[in-house]
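Text of data-v7.cif (mmCIF, C-alpha atoms) as supplied:
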```cif
data_work
loop_
_atom_site.group_PDB
_atom_site.id
_atom_site.type_symbol
_atom_site.label_atom_id
_atom_site.label_comp_id
_atom_site.auth_asym_id
_atom_site.auth_seq_id
_atom_site.Cartn_x
_atom_site.Cartn_y
_atom_site.Cartn_z
ATOM 1 C CA MET A 1 -15.599 7.868 7.780
ATOM 2 C CA SER A 2 -15.876 7.836 11.554
ATOM 3 C CA LYS A 3 -14.371 10.446 13.829
ATOM 4 C CA LYS A 4 -14.553 8.074 16.782
ATOM 5 C CA HIS A 5 -12.726 5.171 15.082
ATOM 6 C CA PRO A 6 -10.439 6.567 12.338
ATOM 7 C CA ILE A 7 -8.980 4.463 9.521
ATOM 8 C CA ILE A 8 -5.677 5.085 7.725
ATOM 9 C CA SER A 9 -5.251 3.331 4.383
ATOM 10 C CA VAL A 10 -1.886 2.946 2.607
ATOM 11 C CA THR A 11 -2.127 1.674 -0.956
ATOM 12 C CA GLY A 12 0.800 0.653 -3.104
ATOM 13 C CA SER A 13 1.572 -2.054 -5.612
ATOM 14 C CA SER A 14 4.032 -4.855 -4.888
ATOM 15 C CA GLY A 15 7.569 -3.587 -4.405
ATOM 16 C CA ALA A 16 6.475 0.028 -4.173
ATOM 17 C CA GLY A 17 7.951 0.540 -0.719
ATOM 18 C CA THR A 18 4.805 0.166 1.376
ATOM 19 C CA SER A 19 6.736 -1.914 3.921
ATOM 20 C CA THR A 20 9.114 0.999 4.478
ATOM 21 C CA VAL A 21 6.151 3.315 4.830
ATOM 22 C CA LYS A 22 4.592 0.962 7.380
ATOM 23 C CA HIS A 23 7.817 1.170 9.403
ATOM 24 C CA THR A 24 7.514 4.974 9.393
ATOM 25 C CA PHE A 25 3.911 4.766 10.577
ATOM 26 C CA ASP A 26 4.959 2.328 13.326
ATOM 27 C CA GLN A 27 7.555 4.855 14.471
ATOM 28 C CA ILE A 28 4.926 7.600 14.621
ATOM 29 C CA PHE A 29 2.466 5.376 16.497
ATOM 30 C CA ARG A 30 5.117 4.377 19.030
ATOM 31 C CA ARG A 31 6.415 7.900 19.568
ATOM 32 C CA GLU A 32 2.963 9.410 19.949
ATOM 33 C CA GLY A 33 1.626 6.593 22.130
ATOM 34 C CA ILE A 34 -1.027 5.563 19.599
ATOM 35 C CA LYS A 35 -2.460 2.038 19.694
ATOM 36 C CA ALA A 36 -3.150 0.908 16.140
ATOM 37 C CA VAL A 37 -4.575 -2.354 14.837
ATOM 38 C CA THR A 38 -3.046 -3.365 11.514
ATOM 39 C CA ILE A 39 -4.502 -5.281 8.603
ATOM 40 C CA GLU A 40 -2.588 -6.329 5.502
ATOM 41 C CA GLY A 41 -3.999 -6.587 2.020
ATOM 42 C CA ASP A 42 -2.725 -10.178 1.729
ATOM 43 C CA ALA A 43 -5.248 -11.198 4.375
ATOM 44 C CA PHE A 44 -8.048 -10.437 1.941
ATOM 45 C CA HIS A 45 -6.810 -12.484 -0.995
ATOM 46 C CA LYS A 46 -9.545 -14.817 -2.184
ATOM 47 C CA TYR A 47 -7.293 -17.832 -2.774
ATOM 48 C CA ASN A 48 -4.447 -19.544 -0.969
ATOM 49 C CA ARG A 49 -1.299 -20.248 -2.983
ATOM 50 C CA ALA A 50 -2.352 -23.629 -4.381
ATOM 51 C CA ASP A 51 -5.886 -22.476 -5.182
ATOM 52 C CA MET A 52 -4.535 -19.359 -6.912
ATOM 53 C CA LYS A 53 -2.325 -21.493 -9.158
ATOM 54 C CA ALA A 54 -5.296 -23.695 -9.990
ATOM 55 C CA GLU A 55 -7.440 -20.659 -10.741
ATOM 56 C CA LEU A 56 -4.747 -19.195 -12.976
ATOM 57 C CA THR A 57 -4.518 -22.489 -14.871
ATOM 58 C CA ARG A 58 -8.292 -22.709 -15.233
ATOM 59 C CA ARG A 59 -8.602 -19.158 -16.533
ATOM 60 C CA ALA A 60 -5.640 -19.507 -18.883
ATOM 61 C CA ALA A 61 -7.252 -22.627 -20.376
ATOM 62 C CA SER A 62 -10.343 -20.557 -21.150
ATOM 63 C CA GLY A 63 -8.254 -17.837 -22.795
ATOM 64 C CA GLU A 64 -8.143 -15.364 -19.915
ATOM 65 C CA THR A 65 -4.555 -14.210 -19.465
ATOM 66 C CA THR A 66 -4.937 -11.095 -17.309
ATOM 67 C CA PHE A 67 -6.010 -12.547 -13.947
ATOM 68 C CA SER A 68 -3.707 -11.753 -11.007
ATOM 69 C CA HIS A 69 -3.657 -10.709 -7.348
ATOM 70 C CA PHE A 70 -4.122 -7.164 -8.644
ATOM 71 C CA SER A 71 -7.557 -8.100 -10.000
ATOM 72 C CA TYR A 72 -10.640 -7.155 -8.009
ATOM 73 C CA GLU A 73 -12.066 -10.685 -8.321
ATOM 74 C CA ALA A 74 -8.925 -12.237 -6.796
ATOM 75 C CA ASN A 75 -9.645 -10.465 -3.512
ATOM 76 C CA GLU A 76 -12.385 -10.381 -0.876
ATOM 77 C CA LEU A 77 -13.001 -6.660 -1.276
ATOM 78 C CA GLY A 78 -16.533 -6.966 0.067
ATOM 79 C CA GLU A 79 -15.119 -8.423 3.276
ATOM 80 C CA LEU A 80 -12.501 -5.654 3.436
ATOM 81 C CA GLU A 81 -15.251 -3.054 3.067
ATOM 82 C CA ARG A 82 -17.232 -4.788 5.813
ATOM 83 C CA VAL A 83 -14.205 -4.645 8.133
ATOM 84 C CA PHE A 84 -13.671 -0.946 7.374
ATOM 85 C CA ARG A 85 -17.340 -0.210 8.029
ATOM 86 C CA GLU A 86 -17.514 -2.263 11.221
ATOM 87 C CA TYR A 87 -14.382 -0.666 12.630
ATOM 88 C CA GLY A 88 -15.606 2.833 11.779
ATOM 89 C CA GLU A 89 -18.887 2.162 13.550
ATOM 90 C CA THR A 90 -17.740 0.113 16.566
ATOM 91 C CA GLY A 91 -13.941 0.014 16.779
ATOM 92 C CA LYS A 92 -14.109 -3.737 16.271
ATOM 93 C CA GLY A 93 -13.353 -6.075 13.378
ATOM 94 C CA ARG A 94 -11.311 -9.072 12.364
ATOM 95 C CA THR A 95 -8.365 -10.034 10.201
ATOM 96 C CA ARG A 96 -6.095 -12.946 9.401
ATOM 97 C CA THR A 97 -2.552 -13.488 8.096
ATOM 98 C CA TYR A 98 -1.365 -14.864 4.781
ATOM 99 C CA VAL A 99 1.719 -16.969 5.548
ATOM 100 C CA HIS A 100 4.412 -16.302 2.952
ATOM 101 C CA ASP A 101 7.390 -18.421 4.014
ATOM 102 C CA GLU A 102 8.841 -20.862 6.530
ATOM 103 C CA ALA A 103 9.813 -18.116 8.970
ATOM 104 C CA GLU A 104 6.200 -16.927 9.172
ATOM 105 C CA ALA A 105 5.029 -20.538 9.313
ATOM 106 C CA ALA A 106 7.159 -21.125 12.411
ATOM 107 C CA LYS A 107 5.493 -18.162 14.123
ATOM 108 C CA THR A 108 1.919 -18.958 13.146
ATOM 109 C CA GLY A 109 1.869 -22.736 12.957
ATOM 110 C CA VAL A 110 0.322 -22.522 9.488
ATOM 111 C CA ALA A 111 1.983 -23.846 6.333
ATOM 112 C CA PRO A 112 3.348 -21.324 3.816
ATOM 113 C CA GLY A 113 0.819 -20.299 1.196
ATOM 114 C CA HIS A 114 -2.141 -20.623 3.559
ATOM 115 C CA PHE A 115 -4.139 -18.278 5.793
ATOM 116 C CA THR A 116 -4.412 -18.274 9.554
ATOM 117 C CA ASP A 117 -7.904 -18.347 11.032
ATOM 118 C CA TRP A 118 -9.796 -15.074 11.290
ATOM 119 C CA ALA A 119 -9.234 -13.397 14.654
ATOM 120 C CA PRO A 120 -10.838 -10.316 16.271
ATOM 121 C CA PHE A 121 -8.961 -7.050 16.719
ATOM 122 C CA ASP A 122 -7.582 -6.198 20.133
ATOM 123 C CA ASP A 123 -9.874 -3.943 22.113
ATOM 124 C CA GLY A 124 -9.117 -0.317 22.889
ATOM 125 C CA SER A 125 -7.352 0.688 19.679
ATOM 126 C CA ASP A 126 -7.011 4.322 18.625
ATOM 127 C CA LEU A 127 -7.148 3.670 14.878
ATOM 128 C CA LEU A 128 -7.073 1.045 12.131
ATOM 129 C CA PHE A 129 -4.089 0.907 9.769
ATOM 130 C CA TYR A 130 -4.404 -0.856 6.388
ATOM 131 C CA GLU A 131 -1.494 -1.528 4.042
ATOM 132 C CA GLY A 132 -1.990 -3.346 0.753
ATOM 133 C CA LEU A 133 -3.032 -3.233 -2.888
ATOM 134 C CA HIS A 134 -6.662 -2.161 -2.673
ATOM 135 C CA GLY A 135 -7.095 0.366 0.135
ATOM 136 C CA SER A 136 -8.716 3.046 -2.028
ATOM 137 C CA VAL A 137 -10.848 1.010 -4.406
ATOM 138 C CA VAL A 138 -14.053 2.493 -5.770
ATOM 139 C CA ASN A 139 -15.995 0.321 -8.219
ATOM 140 C CA ASP A 140 -19.531 -0.883 -8.852
ATOM 141 C CA THR A 141 -19.395 -3.173 -5.812
ATOM 142 C CA VAL A 142 -17.381 -1.458 -3.074
ATOM 143 C CA ASN A 143 -16.351 2.025 -1.999
ATOM 144 C CA LEU A 144 -13.455 1.964 0.446
ATOM 145 C CA VAL A 145 -12.587 5.632 -0.050
ATOM 146 C CA LYS A 146 -15.636 6.915 1.798
ATOM 147 C CA LEU A 147 -14.787 4.693 4.794
ATOM 148 C CA ALA A 148 -11.137 5.717 5.264
ATOM 149 C CA ASP A 149 -10.133 8.970 6.965
ATOM 150 C CA LEU A 150 -6.577 9.315 5.642
ATOM 151 C CA LYS A 151 -5.589 7.674 2.357
ATOM 152 C CA ILE A 152 -1.922 7.435 1.325
ATOM 153 C CA GLY A 153 -0.605 6.266 -2.052
ATOM 154 C CA VAL A 154 2.913 4.873 -2.402
ATOM 155 C CA VAL A 155 4.071 4.205 -5.940
ATOM 156 C CA PRO A 156 7.284 4.254 -7.977
ATOM 157 C CA VAL A 157 7.294 5.176 -11.649
ATOM 158 C CA ILE A 158 6.540 2.084 -13.686
ATOM 159 C CA ASN A 159 10.069 1.192 -14.885
ATOM 160 C CA LEU A 160 11.386 1.418 -11.339
ATOM 161 C CA GLU A 161 8.545 -0.755 -10.112
ATOM 162 C CA TRP A 162 9.433 -3.393 -12.689
ATOM 163 C CA ILE A 163 13.126 -3.282 -11.726
ATOM 164 C CA GLN A 164 12.226 -3.738 -8.059
ATOM 165 C CA LYS A 165 9.942 -6.684 -8.828
ATOM 166 C CA ILE A 166 12.434 -8.403 -11.114
ATOM 167 C CA HIS A 167 15.226 -8.132 -8.559
ATOM 168 C CA ARG A 168 13.032 -9.171 -5.618
ATOM 169 C CA ASP A 169 11.506 -12.189 -7.344
ATOM 170 C CA ARG A 170 14.835 -13.381 -8.687
ATOM 171 C CA ALA A 171 16.584 -12.976 -5.322
ATOM 172 C CA THR A 172 13.894 -14.248 -2.918
ATOM 173 C CA ARG A 173 11.816 -16.601 -5.067
ATOM 174 C CA GLY A 174 14.345 -17.942 -7.535
ATOM 175 C CA TYR A 175 12.374 -16.836 -10.608
ATOM 176 C CA SER A 176 14.023 -16.150 -13.958
ATOM 177 C CA THR A 177 13.783 -12.728 -15.577
ATOM 178 C CA GLU A 178 11.555 -14.294 -18.225
ATOM 179 C CA ALA A 179 9.148 -15.679 -15.611
ATOM 180 C CA VAL A 180 8.898 -12.332 -13.845
ATOM 181 C CA THR A 181 8.335 -10.607 -17.185
ATOM 182 C CA ASP A 182 5.420 -12.960 -17.879
ATOM 183 C CA THR A 183 3.934 -12.037 -14.491
ATOM 184 C CA ILE A 184 4.323 -8.323 -15.215
ATOM 185 C CA LEU A 185 2.547 -8.718 -18.553
ATOM 186 C CA ARG A 186 -0.256 -10.734 -16.980
ATOM 187 C CA ARG A 187 -0.743 -8.103 -14.272
ATOM 188 C CA MET A 188 -0.678 -5.096 -16.571
ATOM 189 C CA HIS A 189 -4.394 -5.067 -17.384
ATOM 190 C CA ALA A 190 -5.383 -5.102 -13.704
ATOM 191 C CA TYR A 191 -2.605 -2.639 -12.857
ATOM 192 C CA VAL A 192 -4.103 -0.141 -15.285
ATOM 193 C CA HIS A 193 -7.736 -0.756 -14.359
ATOM 194 C CA CYS A 194 -7.591 -1.698 -10.644
ATOM 195 C CA ILE A 195 -4.427 -0.212 -9.120
ATOM 196 C CA THR A 196 -3.649 3.133 -10.756
ATOM 197 C CA PRO A 197 -7.192 4.593 -10.432
ATOM 198 C CA GLN A 198 -6.800 4.431 -6.662
ATOM 199 C CA PHE A 199 -4.044 7.051 -6.706
ATOM 200 C CA THR A 200 -6.574 9.609 -7.875
ATOM 201 C CA GLN A 201 -8.585 8.899 -4.724
ATOM 202 C CA THR A 202 -5.745 9.128 -2.196
ATOM 203 C CA ASP A 203 -5.190 12.229 -0.057
ATOM 204 C CA ILE A 204 -1.383 12.166 -0.369
ATOM 205 C CA ASN A 205 0.816 10.345 -2.893
ATOM 206 C CA PHE A 206 4.511 9.564 -2.534
ATOM 207 C CA GLN A 207 5.943 8.706 -5.947
ATOM 208 C CA ARG A 208 9.565 7.659 -6.289
ATOM 209 C CA VAL A 209 11.319 8.763 -9.476
ATOM 210 C CA PRO A 210 14.848 7.525 -10.299
ATOM 211 C CA VAL A 211 17.325 10.012 -11.723
ATOM 212 C CA VAL A 212 19.475 7.329 -13.363
ATOM 213 C CA ASP A 213 18.793 5.454 -16.593
ATOM 214 C CA THR A 214 16.000 2.891 -16.174
ATOM 215 C CA SER A 215 15.008 2.809 -19.843
ATOM 216 C CA ASN A 216 15.314 -0.989 -20.033
ATOM 217 C CA PRO A 217 14.252 -2.367 -16.643
ATOM 218 C CA PHE A 218 14.600 -5.959 -17.817
ATOM 219 C CA VAL A 219 18.395 -5.767 -18.025
ATOM 220 C CA ALA A 220 19.041 -3.367 -15.113
ATOM 221 C CA ARG A 221 21.787 -4.790 -12.914
ATOM 222 C CA TRP A 222 20.734 -3.031 -9.707
ATOM 223 C CA ILE A 223 17.878 -1.088 -8.181
ATOM 224 C CA PRO A 224 18.369 2.694 -8.058
ATOM 225 C CA THR A 225 19.170 3.748 -4.511
ATOM 226 C CA PRO A 226 17.359 6.479 -2.560
ATOM 227 C CA ASP A 227 20.327 8.769 -3.291
ATOM 228 C CA GLU A 228 19.656 8.167 -6.992
ATOM 229 C CA SER A 229 15.978 9.053 -6.681
ATOM 230 C CA LEU A 230 13.571 11.889 -6.057
ATOM 231 C CA ILE A 231 10.209 11.675 -4.305
ATOM 232 C CA VAL A 232 7.247 13.607 -5.694
ATOM 233 C CA ILE A 233 4.712 14.289 -2.929
ATOM 234 C CA ARG A 234 1.283 15.359 -4.137
ATOM 235 C CA PHE A 235 -1.556 16.573 -1.904
ATOM 236 C CA LYS A 236 -5.098 16.155 -3.190
ATOM 237 C CA ASN A 237 -6.187 19.113 -1.069
ATOM 238 C CA PRO A 238 -3.206 21.359 -0.217
ATOM 239 C CA ARG A 239 -5.255 23.623 2.036
ATOM 240 C CA GLY A 240 -3.603 23.815 5.455
ATOM 241 C CA ILE A 241 -0.294 22.310 4.290
ATOM 242 C CA ASP A 242 2.596 24.576 5.312
ATOM 243 C CA PHE A 243 4.767 24.247 2.211
ATOM 244 C CA PRO A 244 7.325 26.933 3.206
ATOM 245 C CA TYR A 245 7.899 25.037 6.471
ATOM 246 C CA LEU A 246 8.376 21.724 4.645
ATOM 247 C CA VAL A 247 10.789 23.248 2.125
ATOM 248 C CA SER A 248 12.792 24.849 4.934
ATOM 249 C CA MET A 249 12.935 21.612 6.953
ATOM 250 C CA ILE A 250 13.752 19.203 4.094
ATOM 251 C CA ALA A 251 17.084 20.096 2.532
ATOM 252 C CA GLY A 252 17.090 20.016 -1.250
ATOM 253 C CA SER A 253 13.302 20.151 -1.614
ATOM 254 C CA TRP A 254 11.273 22.470 -3.806
ATOM 255 C CA MET A 255 7.708 23.011 -4.969
ATOM 256 C CA THR A 256 6.737 22.120 -8.541
ATOM 257 C CA ARG A 257 3.010 22.839 -8.388
ATOM 258 C CA ALA A 258 0.637 24.417 -5.916
ATOM 259 C CA ASN A 259 -0.089 20.957 -4.473
ATOM 260 C CA SER A 260 3.254 19.201 -5.022
ATOM 261 C CA ILE A 261 6.702 19.154 -3.475
ATOM 262 C CA VAL A 262 9.801 17.268 -4.620
ATOM 263 C CA ILE A 263 12.330 15.969 -2.114
ATOM 264 C CA PRO A 264 15.580 13.964 -2.295
ATOM 265 C CA GLY A 265 14.924 10.237 -2.188
ATOM 266 C CA ASN A 266 16.814 9.779 1.075
ATOM 267 C CA LYS A 267 14.506 12.269 2.837
ATOM 268 C CA GLN A 268 11.277 10.301 2.490
ATOM 269 C CA ASP A 269 11.158 9.134 6.089
ATOM 270 C CA LEU A 270 11.740 12.666 7.376
ATOM 271 C CA ALA A 271 9.104 14.078 5.049
ATOM 272 C CA MET A 272 6.555 11.485 6.107
ATOM 273 C CA GLN A 273 7.257 12.188 9.759
ATOM 274 C CA LEU A 274 6.787 15.929 9.240
ATOM 275 C CA ILE A 275 3.666 15.616 7.077
ATOM 276 C CA LEU A 276 1.851 12.695 8.656
ATOM 277 C CA THR A 277 2.475 13.171 12.382
ATOM 278 C CA PRO A 278 0.190 16.225 12.771
ATOM 279 C CA LEU A 279 -2.493 14.603 10.572
ATOM 280 C CA ILE A 280 -2.470 11.426 12.655
ATOM 281 C CA GLU A 281 -2.429 13.394 15.909
ATOM 282 C CA ARG A 282 -5.488 15.324 14.750
ATOM 283 C CA LEU A 283 -7.373 12.131 13.843
ATOM 284 C CA VAL A 284 -6.689 10.617 17.260
ATOM 285 C CA ARG A 285 -7.423 13.854 19.113
ATOM 286 C CA GLU A 286 -10.784 14.264 17.373
ATOM 287 C CA ALA A 287 -11.568 10.582 17.988
ATOM 288 C CA LYS A 288 -11.015 10.969 21.712
ATOM 289 C CA ARG A 289 -13.200 14.081 21.798
ATOM 290 C CA ALA A 290 -15.977 12.201 19.967
#
```

Now that the file is in, can you turn its structure into structure tokens?
Amino acid sequence: MSKKHPIISVTGSSGAGTSTVKHTFDQIFRREGIKAVTIEGDAFHKYNRADMKAELTRRAASGETTFSHFSYEANELGELERVFREYGETGKGRTRTYVHDEAEAAKTGVAPGHFTDWAPFDDGSDLLFYEGLHGSVVNDTVNLVKLADLKIGVVPVINLEWIQKIHRDRATRGYSTEAVTDTILRRMHAYVHCITPQFTQTDINFQRVPVVDTSNPFVARWIPTPDESLIVIRFKNPRGIDFPYLVSMIAGSWMTRANSIVIPGNKQDLAMQLILTPLIERLVREAKRA
């Protein structure tokens, strides 16, 4: 960690709502006049789209059926660690963009399924913001936790995550339910071993829990709405968190443990604003003093 060049890491699996969380962070940065440089986890995938398909085929032919973008070896985690370290030490670094579709291709001039060239961060940033799958990885090769100053986990309960993925992939990618189910099964090993351990390392977790029946996510006709959900917010270290203030400010919230608060699903943005704004302000204030 570096007081002079702080790093915020948001980790969540696909469809967990990290994009919504990023929008909340962008609001905070804009309101507080904070200049942030952003990196996305996609930028550190090891393979472009065609190469990933070829790698999946090669591994499947050898009997390996658990390889996915969730896997450590499908990502350049050493490069991500290097970027975290360099930014913490100097305020500099580099990133690139993974181009998902034609709209992004029109903006970048790079074909979908490929990466843009690496480019340096803009100078004079106040902090680095990461959003992706692997922002709090600790394994035998890398340790990103010790390099990030504020680590946020964003995760729905597993059935809700599956519902979100099935609906997203069917609607935006044209996949069948059966094809998405195969992907879920292939990812499960890495989800258990590479993704979920990170949520023990994060400082704050936001976990969305539906309060409607999701017992069979593979036949669910719609995604539970925020009004049909609760958010469990867990603090790794609750010291200094003003829980009575949060409960008074967020209607319908209550504490369930000494380090946890539950809020209505439609209050997540408000809760994040209340919880994260003073933490981010403190990081930036201490950075400027350093």

Q: Would you kindly return, as a ChimeraX atom specification, each protein, DNA or RNA residue with an atom no farther than 9 Å from any atom of A:Ala190, considering all atoms listed in the file and excluding same-chain residues fewer than 2 positions away?
A: /A:66-72,186-188,192-196

Selection to disk with C-alpha atoms, as an mmCIF file, in the frame of the given file:
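again.cif, written as the output of this step:
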```
data_model
loop_
_atom_site.group_PDB
_atom_site.id
_atom_site.type_symbol
_atom_site.label_atom_id
_atom_site.label_comp_id
_atom_site.auth_asym_id
_atom_site.auth_seq_id
_atom_site.Cartn_x
_atom_site.Cartn_y
_atom_site.Cartn_z
ATOM 1 C CA THR A 66 -4.937 -11.095 -17.309
ATOM 2 C CA PHE A 67 -6.010 -12.547 -13.947
ATOM 3 C CA SER A 68 -3.707 -11.753 -11.007
ATOM 4 C CA HIS A 69 -3.657 -10.709 -7.348
ATOM 5 C CA PHE A 70 -4.122 -7.164 -8.644
ATOM 6 C CA SER A 71 -7.557 -8.100 -10.000
ATOM 7 C CA TYR A 72 -10.640 -7.155 -8.009
ATOM 8 C CA ARG A 186 -0.256 -10.734 -16.980
ATOM 9 C CA ARG A 187 -0.743 -8.103 -14.272
ATOM 10 C CA MET A 188 -0.678 -5.096 -16.571
ATOM 11 C CA VAL A 192 -4.103 -0.141 -15.285
ATOM 12 C CA HIS A 193 -7.736 -0.756 -14.359
ATOM 13 C CA CYS A 194 -7.591 -1.698 -10.644
ATOM 14 C CA ILE A 195 -4.427 -0.212 -9.120
ATOM 15 C CA THR A 196 -3.649 3.133 -10.756
#
```

Q. At a cut-off of 10 Å from (12.0, 11.7, -7.6) in the coordinates of the file, what residues are picked up using only C-alpha atoms, written as an NGL selection string?
A. :A and (156-157 or 206-211 or 226-233 or 262-265)

Q.
Restricting the calculation to all atoms listed in the file: of A:Gln164, A:Asn159, A:Asp122, A:Lys107, which residue gets closest to A:Thr214?
A. A:Asn159

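We find atom CA of A:Ser176 and atom CA of A:Phe218 to be spaced 10.9 Å apart.
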
Q: Extract, using only C-alpha atoms, all DNA, RNA and protein residues at most 10 Å from A:Thr20, discarding same-chain residues fewer than 4 positions from it, and format them as a ChimeraX atom specification.
A: /A:16,24-26,268-269

Q: One decimal, Å: what's the distance from atom CA of A:Leu128 over to atom CA of A:Phe84, could you say?
A: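 Taking atom CA of A:Leu128 and atom CA of A:Phe84, their separation equals 8.4 Å.
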
Q) Restricting the calculation to only C-alpha atoms, which member of A:Arg168, A:Arg49, A:Lys146, A:Lys151 is positioned closest to A:Tyr98? A)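 Under the stated criterion, the closest residue is A:Arg49.
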
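Residues in contact with A:Val284 at 8 Å, where only C-alpha atoms are counted and same-chain residues fewer than 2 positions away are skipped, are listed as Pro6, Ile34, Asp126, Leu127, Ile280, Glu281, Arg282, Glu286, Ala287 and Lys288 of chain A.
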
Q | Straight-line distance linking atom CA of A:Val37 with atom CA of A:Asn75, stated in Å to one decimal | A | 20.7 Å

Q) Which of these, A:Val10, A:Ala179, A:Ile223, A:Ala36, has the shortest distance to A:Ser136 once you count all atoms listed in the file? A) A:Val10

Q: Taking the file as shown, find all residues satisfying the PyMOL selection byres ((chain A and resi 82) around 12) and write them as JSON, numbers by chain.
A: {"A": [44, 76, 77, 78, 79, 80, 81, 83, 84, 85, 86, 87, 88, 89, 90, 92, 93, 94, 95, 141, 142, 143, 144, 147]}

Q. Of the residues A:Arg59, A:Lys165, A:Lys3, A:Lys53, which is the one nearest to A:Pro217, using all atoms listed in the file?
A.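 Between A:Arg59, A:Lys165, A:Lys3, A:Lys53, the residue approaching A:Pro217 most closely is A:Lys165.
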
(Q) as a list of chain:residue names, please: the residues near A:His114 (cut-off 12 Å, only C-alpha atoms, same-chain neighbours under 6 positions excluded). (A)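 Counting only the stated atoms, we get A:Asp42, A:Ala43, A:Phe44, A:His45, A:Lys46, A:Tyr47, A:Asn48, A:Arg49, A:Ala50, A:Asp51, A:Met52, A:Arg96, A:Thr97, A:Tyr98, A:Val99, A:His100, A:Asp101, A:Glu102, A:Glu104, A:Ala105, A:Thr108.
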
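Shortest separation to A:Glu131 among A:Val155, A:Ile39, A:Ala103, A:Ala258 occurs at residue A:Ile39, atoms counted being all atoms listed in the file.
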
Q: Find, counting all atoms listed in the file, the residue in A:Val219, A:Gln198, A:Ile166, A:Asn139 that gets nearest to A:Thr183.
A: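 Nearest candidate to A:Thr183 out of A:Val219, A:Gln198, A:Ile166, A:Asn139: A:Ile166.
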
Q: Just the residues within 9 Å of A:Leu246, please, counting all atoms listed in the file, with nothing from its chain fewer than 6 positions along; format it as a ChimeraX atom specification.
A: /A:253-254,261,271,274-275
